[in-house]
$ cat query_33.tsv   # TSV, C-alpha atoms
chain	number	residue	atom	x	y	z
A	1	GLU	CA	-24.16	-8.51	23.23
A	2	ALA	CA	-20.48	-7.65	23.40
A	3	ILE	CA	-21.25	-3.94	22.84
A	4	ASP	CA	-23.94	-3.99	25.55
A	5	ALA	CA	-21.54	-5.65	27.99
A	6	ALA	CA	-18.81	-3.11	27.22
A	7	SER	CA	-21.26	-0.19	27.57
A	8	THR	CA	-22.14	-1.20	31.13
A	9	ASN	CA	-18.50	-1.74	32.14
A	10	THR	CA	-17.68	1.86	33.10
A	11	GLU	CA	-15.13	0.95	35.77
A	12	ILE	CA	-12.23	1.15	33.35
A	13	LEU	CA	-13.03	4.83	32.77
A	14	ASN	CA	-11.71	5.43	36.32
A	15	ILE	CA	-8.19	4.50	35.21
A	16	PRO	CA	-6.28	7.73	35.99
A	17	ASP	CA	-3.51	7.43	33.39
A	18	PRO	CA	-4.95	8.26	29.92
A	19	GLU	CA	-2.34	6.25	27.99
A	20	THR	CA	-3.06	3.16	30.09
A	21	LEU	CA	-6.78	3.71	29.52
A	22	ALA	CA	-6.20	3.94	25.75
A	23	ASN	CA	-4.27	0.65	25.81
A	24	VAL	CA	-7.01	-1.08	27.84
A	25	LEU	CA	-9.70	0.22	25.47
A	26	THR	CA	-7.65	-0.93	22.46
A	27	MET	CA	-7.34	-4.44	23.92
A	28	GLY	CA	-11.09	-4.51	24.55
A	29	VAL	CA	-12.00	-3.31	21.05
A	30	GLN	CA	-9.58	-5.69	19.34
A	31	SER	CA	-10.66	-8.71	21.40
A	32	THR	CA	-14.30	-7.97	20.54
A	33	ILE	CA	-13.95	-7.11	16.84
A	34	ASN	CA	-10.70	-8.98	16.09
A	35	ASP	CA	-9.25	-6.27	13.86
A	36	LYS	CA	-5.75	-5.03	14.75
A	37	ARG	CA	-6.27	-1.86	12.69
A	38	LEU	CA	-8.77	-0.55	15.25
A	39	LYS	CA	-6.87	1.29	17.98
A	40	VAL	CA	-7.67	3.83	20.69
A	41	LEU	CA	-4.93	6.45	21.05
A	42	TYR	CA	-4.27	9.18	23.58
A	43	GLU	CA	-2.68	12.05	21.65
A	44	PRO	CA	-2.89	15.44	23.46
A	45	ASP	CA	-0.60	17.01	20.81
A	46	TYR	CA	-2.07	15.26	17.76
A	47	VAL	CA	-1.37	16.97	14.46
A	48	PRO	CA	-3.24	15.62	11.40
A	49	PRO	CA	-0.78	14.27	8.81
A	50	VAL	CA	-0.28	16.37	5.70
A	51	THR	CA	0.34	14.69	2.36
A	52	ALA	CA	3.94	15.42	1.52
A	53	GLN	CA	4.51	17.17	-1.79
A	54	MET	CA	7.59	16.21	-3.70
A	55	PRO	CA	9.92	19.21	-3.70
A	56	PRO	CA	11.61	20.19	-6.95
A	57	LEU	CA	15.01	18.50	-6.87
A	58	PRO	CA	17.88	18.63	-9.35
A	59	PRO	CA	18.31	15.43	-11.42
A	60	GLU	CA	21.33	14.19	-9.47
A	61	GLN	CA	19.43	14.40	-6.13
A	62	LEU	CA	16.38	12.72	-7.64
A	63	ALA	CA	18.62	9.93	-8.89
A	64	ALA	CA	20.06	9.50	-5.38
A	65	VAL	CA	16.54	9.32	-3.87
A	66	ILE	CA	15.46	6.66	-6.39
A	67	GLN	CA	18.59	4.56	-5.91
A	68	SER	CA	18.23	4.64	-2.11
A	69	SER	CA	14.57	3.55	-2.16
A	70	ILE	CA	14.71	0.90	-4.88
A	71	LYS	CA	17.05	-2.10	-4.87
A	72	LEU	CA	17.86	-3.64	-8.23
A	73	ASP	CA	19.97	-6.65	-9.20
A	74	ILE	CA	20.42	-9.07	-12.08
A	75	LEU	CA	20.85	-12.62	-10.75
A	76	ASP	CA	22.22	-15.77	-12.35
A	77	GLY	CA	20.19	-17.02	-15.29
A	78	ASN	CA	19.24	-13.48	-16.32
A	79	VAL	CA	16.67	-13.20	-13.51
A	80	GLY	CA	15.83	-9.67	-12.43
A	81	TYR	CA	15.40	-8.74	-8.76
A	82	LEU	CA	13.48	-5.58	-7.85
A	83	ARG	CA	12.70	-4.41	-4.31
A	84	ILE	CA	10.43	-1.41	-3.77
A	85	ASP	CA	9.61	-0.28	-0.21
A	86	HIS	CA	7.08	2.41	-1.16
A	87	ILE	CA	4.65	2.38	-4.10
A	88	LEU	CA	4.75	5.73	-5.84
A	89	GLY	CA	1.55	7.48	-6.88
A	90	GLU	CA	0.87	8.33	-10.50
A	91	GLU	CA	1.67	12.03	-10.02
A	92	VAL	CA	5.14	11.41	-8.56
A	93	ALA	CA	5.83	8.67	-11.11
A	94	ASP	CA	5.01	11.13	-13.91
A	95	LYS	CA	7.50	13.65	-12.50
A	96	ILE	CA	10.40	11.23	-12.21
A	97	GLY	CA	9.35	8.79	-14.93
A	98	SER	CA	12.33	9.37	-17.23
A	99	LEU	CA	14.76	8.73	-14.37
A	100	LEU	CA	12.86	5.60	-13.29
A	101	LEU	CA	13.19	4.31	-16.85
A	102	GLU	CA	16.88	5.06	-17.06
A	103	LEU	CA	17.94	3.85	-13.59
A	104	VAL	CA	15.56	0.96	-13.03
A	105	TRP	CA	13.11	-0.19	-15.67
A	106	ASN	CA	15.36	-0.31	-18.73
A	107	LYS	CA	17.72	-2.62	-16.78
A	108	ILE	CA	14.84	-4.93	-15.83
A	109	LEU	CA	13.26	-5.18	-19.30
A	110	PRO	CA	15.89	-7.51	-20.92
A	111	THR	CA	15.64	-10.07	-18.09
A	112	SER	CA	14.06	-13.49	-18.66
A	113	ALA	CA	12.09	-13.49	-15.38
A	114	LEU	CA	11.50	-11.09	-12.48
A	115	ILE	CA	11.44	-11.45	-8.70
A	116	PHE	CA	9.42	-8.51	-7.32
A	117	ASP	CA	10.26	-8.20	-3.63
A	118	MET	CA	7.44	-6.56	-1.64
A	119	ARG	CA	8.35	-8.03	1.75
A	120	TYR	CA	9.11	-4.53	3.05
A	121	THR	CA	6.50	-2.52	1.14
A	122	SER	CA	4.36	-1.04	3.92
A	123	SER	CA	3.24	2.22	2.30
A	124	GLY	CA	2.05	3.50	-1.03
A	125	ASP	CA	-0.43	5.50	-3.06
A	126	VAL	CA	-3.58	3.85	-4.46
A	127	SER	CA	-3.03	5.60	-7.81
A	128	GLY	CA	0.16	3.55	-8.19
A	129	ILE	CA	-1.79	0.26	-8.42
A	130	PRO	CA	-2.80	0.49	-12.12
A	131	PHE	CA	0.58	2.08	-12.89
A	132	ILE	CA	2.48	-1.04	-11.70
A	133	VAL	CA	-0.02	-3.70	-12.80
A	134	SER	CA	-0.20	-2.29	-16.34
A	135	TYR	CA	3.50	-3.02	-16.95
A	136	PHE	CA	2.66	-6.73	-16.69
A	137	THR	CA	-0.47	-6.74	-18.90
A	138	GLU	CA	-1.20	-6.07	-22.56
A	139	ALA	CA	-2.08	-2.56	-23.75
A	140	GLU	CA	-5.38	-3.76	-25.20
A	141	PRO	CA	-8.05	-4.59	-24.26
A	142	PRO	CA	-8.27	-2.49	-21.07
A	143	ILE	CA	-8.70	-4.60	-17.90
A	144	HIS	CA	-10.78	-3.60	-14.90
A	145	ILE	CA	-8.15	-4.57	-12.33
A	146	ASP	CA	-9.66	-3.24	-9.11
A	147	SER	CA	-12.12	-0.84	-7.43
A	148	VAL	CA	-11.66	1.14	-4.22
A	149	TYR	CA	-14.70	2.00	-2.10
A	150	ASP	CA	-14.32	5.10	0.10
A	151	ARG	CA	-16.91	4.86	2.87
A	152	PRO	CA	-17.01	8.48	4.17
A	153	ALA	CA	-17.45	9.82	0.62
A	154	ASP	CA	-19.57	6.82	-0.43
A	155	ILE	CA	-17.67	6.75	-3.73
A	156	THR	CA	-16.32	3.73	-5.61
A	157	THR	CA	-13.38	4.43	-7.90
A	158	GLU	CA	-12.63	1.92	-10.65
A	159	LEU	CA	-8.99	1.23	-11.48
A	160	TRP	CA	-8.26	0.15	-15.05
A	161	SER	CA	-5.10	-0.93	-16.82
A	162	MET	CA	-3.38	1.92	-18.63
A	163	PRO	CA	-3.20	1.83	-22.46
A	164	LYS	CA	-0.15	4.12	-22.57
A	165	LEU	CA	2.93	3.85	-20.34
A	166	LEU	CA	6.38	5.33	-20.09
A	167	GLY	CA	8.73	2.81	-21.64
A	168	GLU	CA	7.99	-0.75	-22.70
A	169	ARG	CA	5.87	-3.33	-20.91
A	170	TYR	CA	7.41	-6.40	-19.33
A	171	GLY	CA	4.70	-8.35	-21.08
A	172	THR	CA	2.56	-11.32	-20.09
A	173	LYS	CA	4.84	-14.26	-20.93
A	174	LYS	CA	7.93	-13.92	-18.72
A	175	PRO	CA	7.67	-15.43	-15.21
A	176	LEU	CA	6.87	-12.97	-12.41
A	177	ILE	CA	7.41	-13.94	-8.76
A	178	ILE	CA	6.19	-11.66	-5.94
A	179	LEU	CA	7.69	-12.08	-2.46
A	180	THR	CA	5.48	-11.18	0.52
A	181	SER	CA	5.86	-11.03	4.30
A	182	LYS	CA	3.90	-9.96	7.37
A	183	ASN	CA	5.14	-6.42	6.55
A	184	THR	CA	3.55	-6.37	3.06
A	185	LYS	CA	0.77	-3.91	3.70
A	186	GLY	CA	-2.09	-1.92	2.14
A	187	THR	CA	-1.39	-0.85	-1.43
A	188	ALA	CA	1.31	-3.50	-1.83
A	189	GLU	CA	-1.21	-6.21	-0.89
A	190	ASP	CA	-3.57	-4.81	-3.49
A	191	VAL	CA	-0.92	-4.89	-6.25
A	192	THR	CA	0.00	-8.44	-5.24
A	193	TYR	CA	-3.60	-9.66	-5.24
A	194	CYS	CA	-4.41	-8.01	-8.58
A	195	LEU	CA	-1.44	-9.64	-10.33
A	196	GLN	CA	-2.16	-13.00	-8.68
A	197	ASN	CA	-5.86	-12.81	-9.56
A	198	LEU	CA	-4.98	-11.99	-13.18
A	199	LYS	CA	-2.89	-15.19	-13.10
A	200	ARG	CA	0.09	-13.03	-14.01
A	201	ALA	CA	2.19	-13.63	-10.88
A	202	THR	CA	3.13	-16.41	-8.49
A	203	VAL	CA	3.13	-15.22	-4.87
A	204	ILE	CA	5.65	-16.74	-2.44
A	205	GLY	CA	6.15	-15.93	1.24
A	206	GLU	CA	4.30	-15.20	4.45
A	207	ARG	CA	0.68	-14.17	4.93
A	208	SER	CA	0.58	-10.38	4.44
A	209	ALA	CA	-0.39	-7.78	7.05
A	210	GLY	CA	-4.04	-7.32	6.12
A	211	GLY	CA	-3.74	-3.54	5.99
A	212	SER	CA	-6.49	-1.31	4.63
A	213	VAL	CA	-5.86	0.89	1.60
A	214	LYS	CA	-6.91	3.84	3.81
A	215	ILE	CA	-7.09	4.30	7.60
A	216	ASP	CA	-8.46	7.48	9.19
A	217	THR	CA	-7.74	8.82	12.67
A	218	ILE	CA	-10.97	10.14	14.22
A	219	LYS	CA	-11.26	12.33	17.32
A	220	VAL	CA	-13.48	10.94	20.11
A	221	GLY	CA	-15.81	13.77	21.20
A	222	ASP	CA	-14.21	16.71	22.98
A	223	THR	CA	-11.25	14.68	24.28
A	224	ASP	CA	-7.63	13.95	23.46
A	225	PHE	CA	-8.54	10.38	22.51
A	226	TYR	CA	-8.62	9.18	18.91
A	227	ILE	CA	-9.54	5.96	17.14
A	228	THR	CA	-8.03	4.54	13.97
A	229	VAL	CA	-10.64	3.10	11.60
A	230	PRO	CA	-10.30	1.60	8.10
A	231	THR	CA	-12.39	3.83	5.83
A	232	ALA	CA	-11.70	2.45	2.36
A	233	LYS	CA	-11.53	-1.04	0.93
A	234	SER	CA	-10.44	-2.76	-2.22
A	235	ILE	CA	-13.17	-4.58	-4.20
A	236	ASN	CA	-11.58	-6.82	-6.77
A	237	PRO	CA	-13.90	-7.52	-9.74
$ encode --input "query_33.tsv" --output "structure tokens"
Amino acid sequence: EAIDAASTNTEILNIPDPETLANVLTMGVQSTINDKRLKVLYEPDYVPPVTAQMPPLPPEQLAAVIQSSIKLDILDGNVGYLRIDHILGEEVADKIGSLLLELVWNKILPTSALIFDMRYTSSGDVSGIPFIVSYFTEAEPPIHIDSVYDRPADITTELWSMPKLLGERYGTKKPLIILTSKNTKGTAEDVTYCLQNLKRATVIGERSAGGSVKIDTIKVGDTDFYITVPTAKSINP
């Protein structure tokens, strides 16, 4: 009924300013479907995003990049604090794994408990989910931690815990606290839910953003208008 009503309301198409029209259409779509990820955009100069490849950097520059993007501290009572604002994919993690061990992980391992701060983690690669979760599980038996369904490809990819990792595991006994906020989004939400569902972590904080693991920007006909649509979802076993 809502779609029929919207289809007959063609008056808004007479709005002369395209950006205003896009905003009005966005408000209409979101009020009907109640999903803030659905947006109508006016982008006459839209350029599709290209996945950034990590350039080859000398070790000292790589170390600087890691230290600027990851905050690490050891608090009173031998409690580790780790803040990560972007979840690395498996490929990047493989490239800089030895530095991650040296600068971050080996300092966290001796702690008695860990606070994992994902209040600012709004981006990340899906392949990083099993990479992170596996550090807080046993090597054997393998655990089916998550699946990701990609709707355009109609493919479901299963994510399993990894039997082999760089460095030692944090294990399953030491307390793990994950902090969340309204900015915890997408892949970070997935990592949080997986560890909570495995009863491996206690989650403290605000309700998270409700971001999709993948959102596509789709051109509307032969126009300069685009819509953003979630096209992949996490299916926890």
$ residues_around --input "query_33.tsv" --residues "region 164-181 of chain A" --least-positions-apart "6" --cutoff "6 Å" --atoms "only C-alpha atoms" --output "VMD selection string"
chain A and resid 109 113 to 119 135 to 137 201 to 206 208
$ write_last_selection --input "query_33.tsv" --atoms "C-alpha atoms" --output "mmCIF file, in the coordinates of the input"
data_model
loop_
_atom_site.group_PDB
_atom_site.id
_atom_site.type_symbol
_atom_site.label_atom_id
_atom_site.label_comp_id
_atom_site.auth_asym_id
_atom_site.auth_seq_id
_atom_site.Cartn_x
_atom_site.Cartn_y
_atom_site.Cartn_z
ATOM 1 C CA LEU A 109 13.260 -5.180 -19.300
ATOM 2 C CA ALA A 113 12.090 -13.490 -15.380
ATOM 3 C CA LEU A 114 11.500 -11.090 -12.480
ATOM 4 C CA ILE A 115 11.440 -11.450 -8.700
ATOM 5 C CA PHE A 116 9.420 -8.510 -7.320
ATOM 6 C CA ASP A 117 10.260 -8.200 -3.630
ATOM 7 C CA MET A 118 7.440 -6.560 -1.640
ATOM 8 C CA ARG A 119 8.350 -8.030 1.750
ATOM 9 C CA TYR A 135 3.500 -3.020 -16.950
ATOM 10 C CA PHE A 136 2.660 -6.730 -16.690
ATOM 11 C CA THR A 137 -0.470 -6.740 -18.900
ATOM 12 C CA ALA A 201 2.190 -13.630 -10.880
ATOM 13 C CA THR A 202 3.130 -16.410 -8.490
ATOM 14 C CA VAL A 203 3.130 -15.220 -4.870
ATOM 15 C CA ILE A 204 5.650 -16.740 -2.440
ATOM 16 C CA GLY A 205 6.150 -15.930 1.240
ATOM 17 C CA GLU A 206 4.300 -15.200 4.450
ATOM 18 C CA SER A 208 0.580 -10.380 4.440
#
$ atom_distance --input "query_33.tsv" --atom1 "CA of Asp4 (chain A)" --atom2 "CA of Leu38 (chain A)"
18.7 Å
$ atom_distance --input "query_33.tsv" --atom1 "CA of Ile70 (chain A)" --atom2 "CA of Val92 (chain A)"
14.7 Å
$ residues_around --input "query_33.tsv" --residues "Thr32 (chain A)" --least-positions-apart "6" --cutoff "10 Å" --atoms "all atoms listed in the file" --output "JSON, numbers by chain"
{"A": [2, 3, 6, 26]}
$ closest_residue --input "query_33.tsv" --among "A:Ala153, A:Gly210, A:Asn78, A:Leu103" --to "Asp35 (chain A)" --atoms "all atoms listed in the file"
A:Gly210
$ closest_residue --input "query_33.tsv" --among "A:Asn183, A:Tyr193, A:Pro130, A:Leu82" --to "Trp160 (chain A)" --atoms "all atoms listed in the file"
A:Pro130
$ residues_around --input "query_33.tsv" --residues "Thr217 (chain A)" --least-positions-apart "3" --cutoff "8 Å" --atoms "all atoms listed in the file" --output "NGL selection string"
:A and (226-229)
$ atom_distance --input "query_33.tsv" --atom1 "CA of Gly28 (chain A)" --atom2 "CA of Lys182 (chain A)"
23.4 Å
$ closest_residue --input "query_33.tsv" --among "A:Ile12, A:Val220, A:Ile215, A:Ile235" --to "Lys36 (chain A)" --atoms "all atoms listed in the file"
A:Ile215
$ closest_residue --input "query_33.tsv" --among "A:Val133, A:Val126, A:Leu72, A:Leu88" --to "Trp105 (chain A)" --atoms "all atoms listed in the file"
A:Leu72
$ closest_residue --input "query_33.tsv" --among "A:Glu11, A:Gln30, A:Ile145, A:Glu140" --to "Thr192 (chain A)" --atoms "only C-alpha atoms"
A:Ile145
$ closest_residue --input "query_33.tsv" --among "A:Tyr42, A:Glu102, A:His144, A:Gly80" --to "Ile66 (chain A)" --atoms "only C-alpha atoms"
A:Glu102
$ decode --input "query_33.tsv" --residues "region 211-223 of chain A" --atoms "all heavy atoms" --output "PDB file, in the first residue's frame"
ATOM      1  N   GLY A 211      24.882  -1.528  10.974  1.00  0.00           N
ATOM      2  CA  GLY A 211      25.388  -1.425   9.607  1.00  0.00           C
ATOM      3  C   GLY A 211      25.454  -2.785   8.940  1.00  0.00           C
ATOM      4  O   GLY A 211      25.610  -3.805   9.591  1.00  0.00           O
ATOM      5  N   SER A 212      25.331  -2.793   7.610  1.00  0.00           N
ATOM      6  CA  SER A 212      25.436  -4.038   6.862  1.00  0.00           C
ATOM      7  C   SER A 212      26.905  -4.345   6.607  1.00  0.00           C
ATOM      8  O   SER A 212      27.744  -3.444   6.575  1.00  0.00           O
ATOM      9  CB  SER A 212      24.697  -3.896   5.531  1.00  0.00           C
ATOM     10  OG  SER A 212      24.825  -5.067   4.762  1.00  0.00           O
ATOM     11  N   VAL A 213      27.213  -5.626   6.412  1.00  0.00           N
ATOM     12  CA  VAL A 213      28.605  -5.975   6.099  1.00  0.00           C
ATOM     13  C   VAL A 213      28.983  -5.507   4.691  1.00  0.00           C
ATOM     14  O   VAL A 213      30.149  -5.436   4.346  1.00  0.00           O
ATOM     15  CB  VAL A 213      28.871  -7.490   6.235  1.00  0.00           C
ATOM     16  CG1 VAL A 213      28.812  -7.914   7.687  1.00  0.00           C
ATOM     17  CG2 VAL A 213      27.914  -8.307   5.392  1.00  0.00           C
ATOM     18  N   LYS A 214      27.981  -5.177   3.858  1.00  0.00           N
ATOM     19  CA  LYS A 214      28.264  -4.673   2.514  1.00  0.00           C
ATOM     20  C   LYS A 214      27.090  -3.820   2.028  1.00  0.00           C
ATOM     21  O   LYS A 214      25.942  -4.241   2.107  1.00  0.00           O
ATOM     22  CB  LYS A 214      28.487  -5.839   1.553  1.00  0.00           C
ATOM     23  CG  LYS A 214      28.874  -5.416   0.135  1.00  0.00           C
ATOM     24  CD  LYS A 214      28.959  -6.645  -0.761  1.00  0.00           C
ATOM     25  CE  LYS A 214      29.120  -6.266  -2.220  1.00  0.00           C
ATOM     26  NZ  LYS A 214      28.886  -7.409  -3.112  1.00  0.00           N
ATOM     27  N   ILE A 215      27.397  -2.610   1.560  1.00  0.00           N
ATOM     28  CA  ILE A 215      26.375  -1.719   0.998  1.00  0.00           C
ATOM     29  C   ILE A 215      26.827  -1.293  -0.390  1.00  0.00           C
ATOM     30  O   ILE A 215      27.953  -0.826  -0.567  1.00  0.00           O
ATOM     31  CB  ILE A 215      26.154  -0.484   1.886  1.00  0.00           C
ATOM     32  CG1 ILE A 215      25.582  -0.921   3.244  1.00  0.00           C
ATOM     33  CG2 ILE A 215      25.212   0.516   1.220  1.00  0.00           C
ATOM     34  CD1 ILE A 215      25.322   0.215   4.205  1.00  0.00           C
ATOM     35  N   ASP A 216      25.960  -1.479  -1.382  1.00  0.00           N
ATOM     36  CA  ASP A 216      26.279  -1.095  -2.761  1.00  0.00           C
ATOM     37  C   ASP A 216      25.575   0.211  -3.122  1.00  0.00           C
ATOM     38  O   ASP A 216      24.489   0.505  -2.625  1.00  0.00           O
ATOM     39  CB  ASP A 216      25.834  -2.185  -3.743  1.00  0.00           C
ATOM     40  CG  ASP A 216      26.789  -3.369  -3.748  1.00  0.00           C
ATOM     41  OD1 ASP A 216      27.844  -3.276  -3.091  1.00  0.00           O
ATOM     42  OD2 ASP A 216      26.478  -4.391  -4.386  1.00  0.00           O
ATOM     43  N   THR A 217      26.214   0.978  -3.995  1.00  0.00           N
ATOM     44  CA  THR A 217      25.612   2.200  -4.538  1.00  0.00           C
ATOM     45  C   THR A 217      25.192   1.908  -5.972  1.00  0.00           C
ATOM     46  O   THR A 217      26.026   1.556  -6.814  1.00  0.00           O
ATOM     47  CB  THR A 217      26.618   3.365  -4.493  1.00  0.00           C
ATOM     48  OG1 THR A 217      27.046   3.555  -3.135  1.00  0.00           O
ATOM     49  CG2 THR A 217      25.987   4.654  -4.997  1.00  0.00           C
ATOM     50  N   ILE A 218      23.886   2.020  -6.242  1.00  0.00           N
ATOM     51  CA  ILE A 218      23.318   1.584  -7.526  1.00  0.00           C
ATOM     52  C   ILE A 218      22.738   2.783  -8.272  1.00  0.00           C
ATOM     53  O   ILE A 218      21.982   3.572  -7.710  1.00  0.00           O
ATOM     54  CB  ILE A 218      22.219   0.520  -7.282  1.00  0.00           C
ATOM     55  CG1 ILE A 218      22.829  -0.690  -6.543  1.00  0.00           C
ATOM     56  CG2 ILE A 218      21.574   0.084  -8.592  1.00  0.00           C
ATOM     57  CD1 ILE A 218      21.815  -1.662  -5.995  1.00  0.00           C
ATOM     58  N   LYS A 219      23.100   2.908  -9.540  1.00  0.00           N
ATOM     59  CA  LYS A 219      22.625   4.012 -10.376  1.00  0.00           C
ATOM     60  C   LYS A 219      21.143   3.819 -10.713  1.00  0.00           C
ATOM     61  O   LYS A 219      20.704   2.718 -11.026  1.00  0.00           O
ATOM     62  CB  LYS A 219      23.459   4.067 -11.666  1.00  0.00           C
ATOM     63  CG  LYS A 219      23.235   5.306 -12.533  1.00  0.00           C
ATOM     64  CD  LYS A 219      24.199   5.268 -13.723  1.00  0.00           C
ATOM     65  CE  LYS A 219      23.988   6.425 -14.684  1.00  0.00           C
ATOM     66  NZ  LYS A 219      24.408   7.706 -14.134  1.00  0.00           N
ATOM     67  N   VAL A 220      20.371   4.910 -10.646  1.00  0.00           N
ATOM     68  CA  VAL A 220      18.939   4.861 -10.956  1.00  0.00           C
ATOM     69  C   VAL A 220      18.736   5.239 -12.422  1.00  0.00           C
ATOM     70  O   VAL A 220      18.802   6.419 -12.786  1.00  0.00           O
ATOM     71  CB  VAL A 220      18.136   5.815 -10.051  1.00  0.00           C
ATOM     72  CG1 VAL A 220      16.647   5.741 -10.387  1.00  0.00           C
ATOM     73  CG2 VAL A 220      18.361   5.481  -8.583  1.00  0.00           C
ATOM     74  N   GLY A 221      18.527   4.230 -13.272  1.00  0.00           N
ATOM     75  CA  GLY A 221      18.274   4.490 -14.697  1.00  0.00           C
ATOM     76  C   GLY A 221      19.366   5.327 -15.330  1.00  0.00           C
ATOM     77  O   GLY A 221      20.536   5.272 -14.949  1.00  0.00           O
ATOM     78  N   ASP A 222      18.987   6.149 -16.286  1.00  0.00           N
ATOM     79  CA  ASP A 222      19.935   7.020 -16.980  1.00  0.00           C
ATOM     80  C   ASP A 222      19.898   8.411 -16.338  1.00  0.00           C
ATOM     81  O   ASP A 222      19.534   9.411 -16.971  1.00  0.00           O
ATOM     82  CB  ASP A 222      19.572   7.097 -18.471  1.00  0.00           C
ATOM     83  CG  ASP A 222      20.658   7.821 -19.281  1.00  0.00           C
ATOM     84  OD1 ASP A 222      21.801   7.884 -18.786  1.00  0.00           O
ATOM     85  OD2 ASP A 222      20.347   8.345 -20.363  1.00  0.00           O
ATOM     86  N   THR A 223      20.222   8.468 -15.037  1.00  0.00           N
ATOM     87  CA  THR A 223      20.165   9.726 -14.291  1.00  0.00           C
ATOM     88  C   THR A 223      21.447   9.876 -13.478  1.00  0.00           C
ATOM     89  O   THR A 223      22.309   8.992 -13.486  1.00  0.00           O
ATOM     90  CB  THR A 223      18.967   9.752 -13.324  1.00  0.00           C
ATOM     91  OG1 THR A 223      19.251   8.859 -12.227  1.00  0.00           O
ATOM     92  CG2 THR A 223      17.672   9.324 -14.011  1.00  0.00           C
TER      93      THR A 223
END
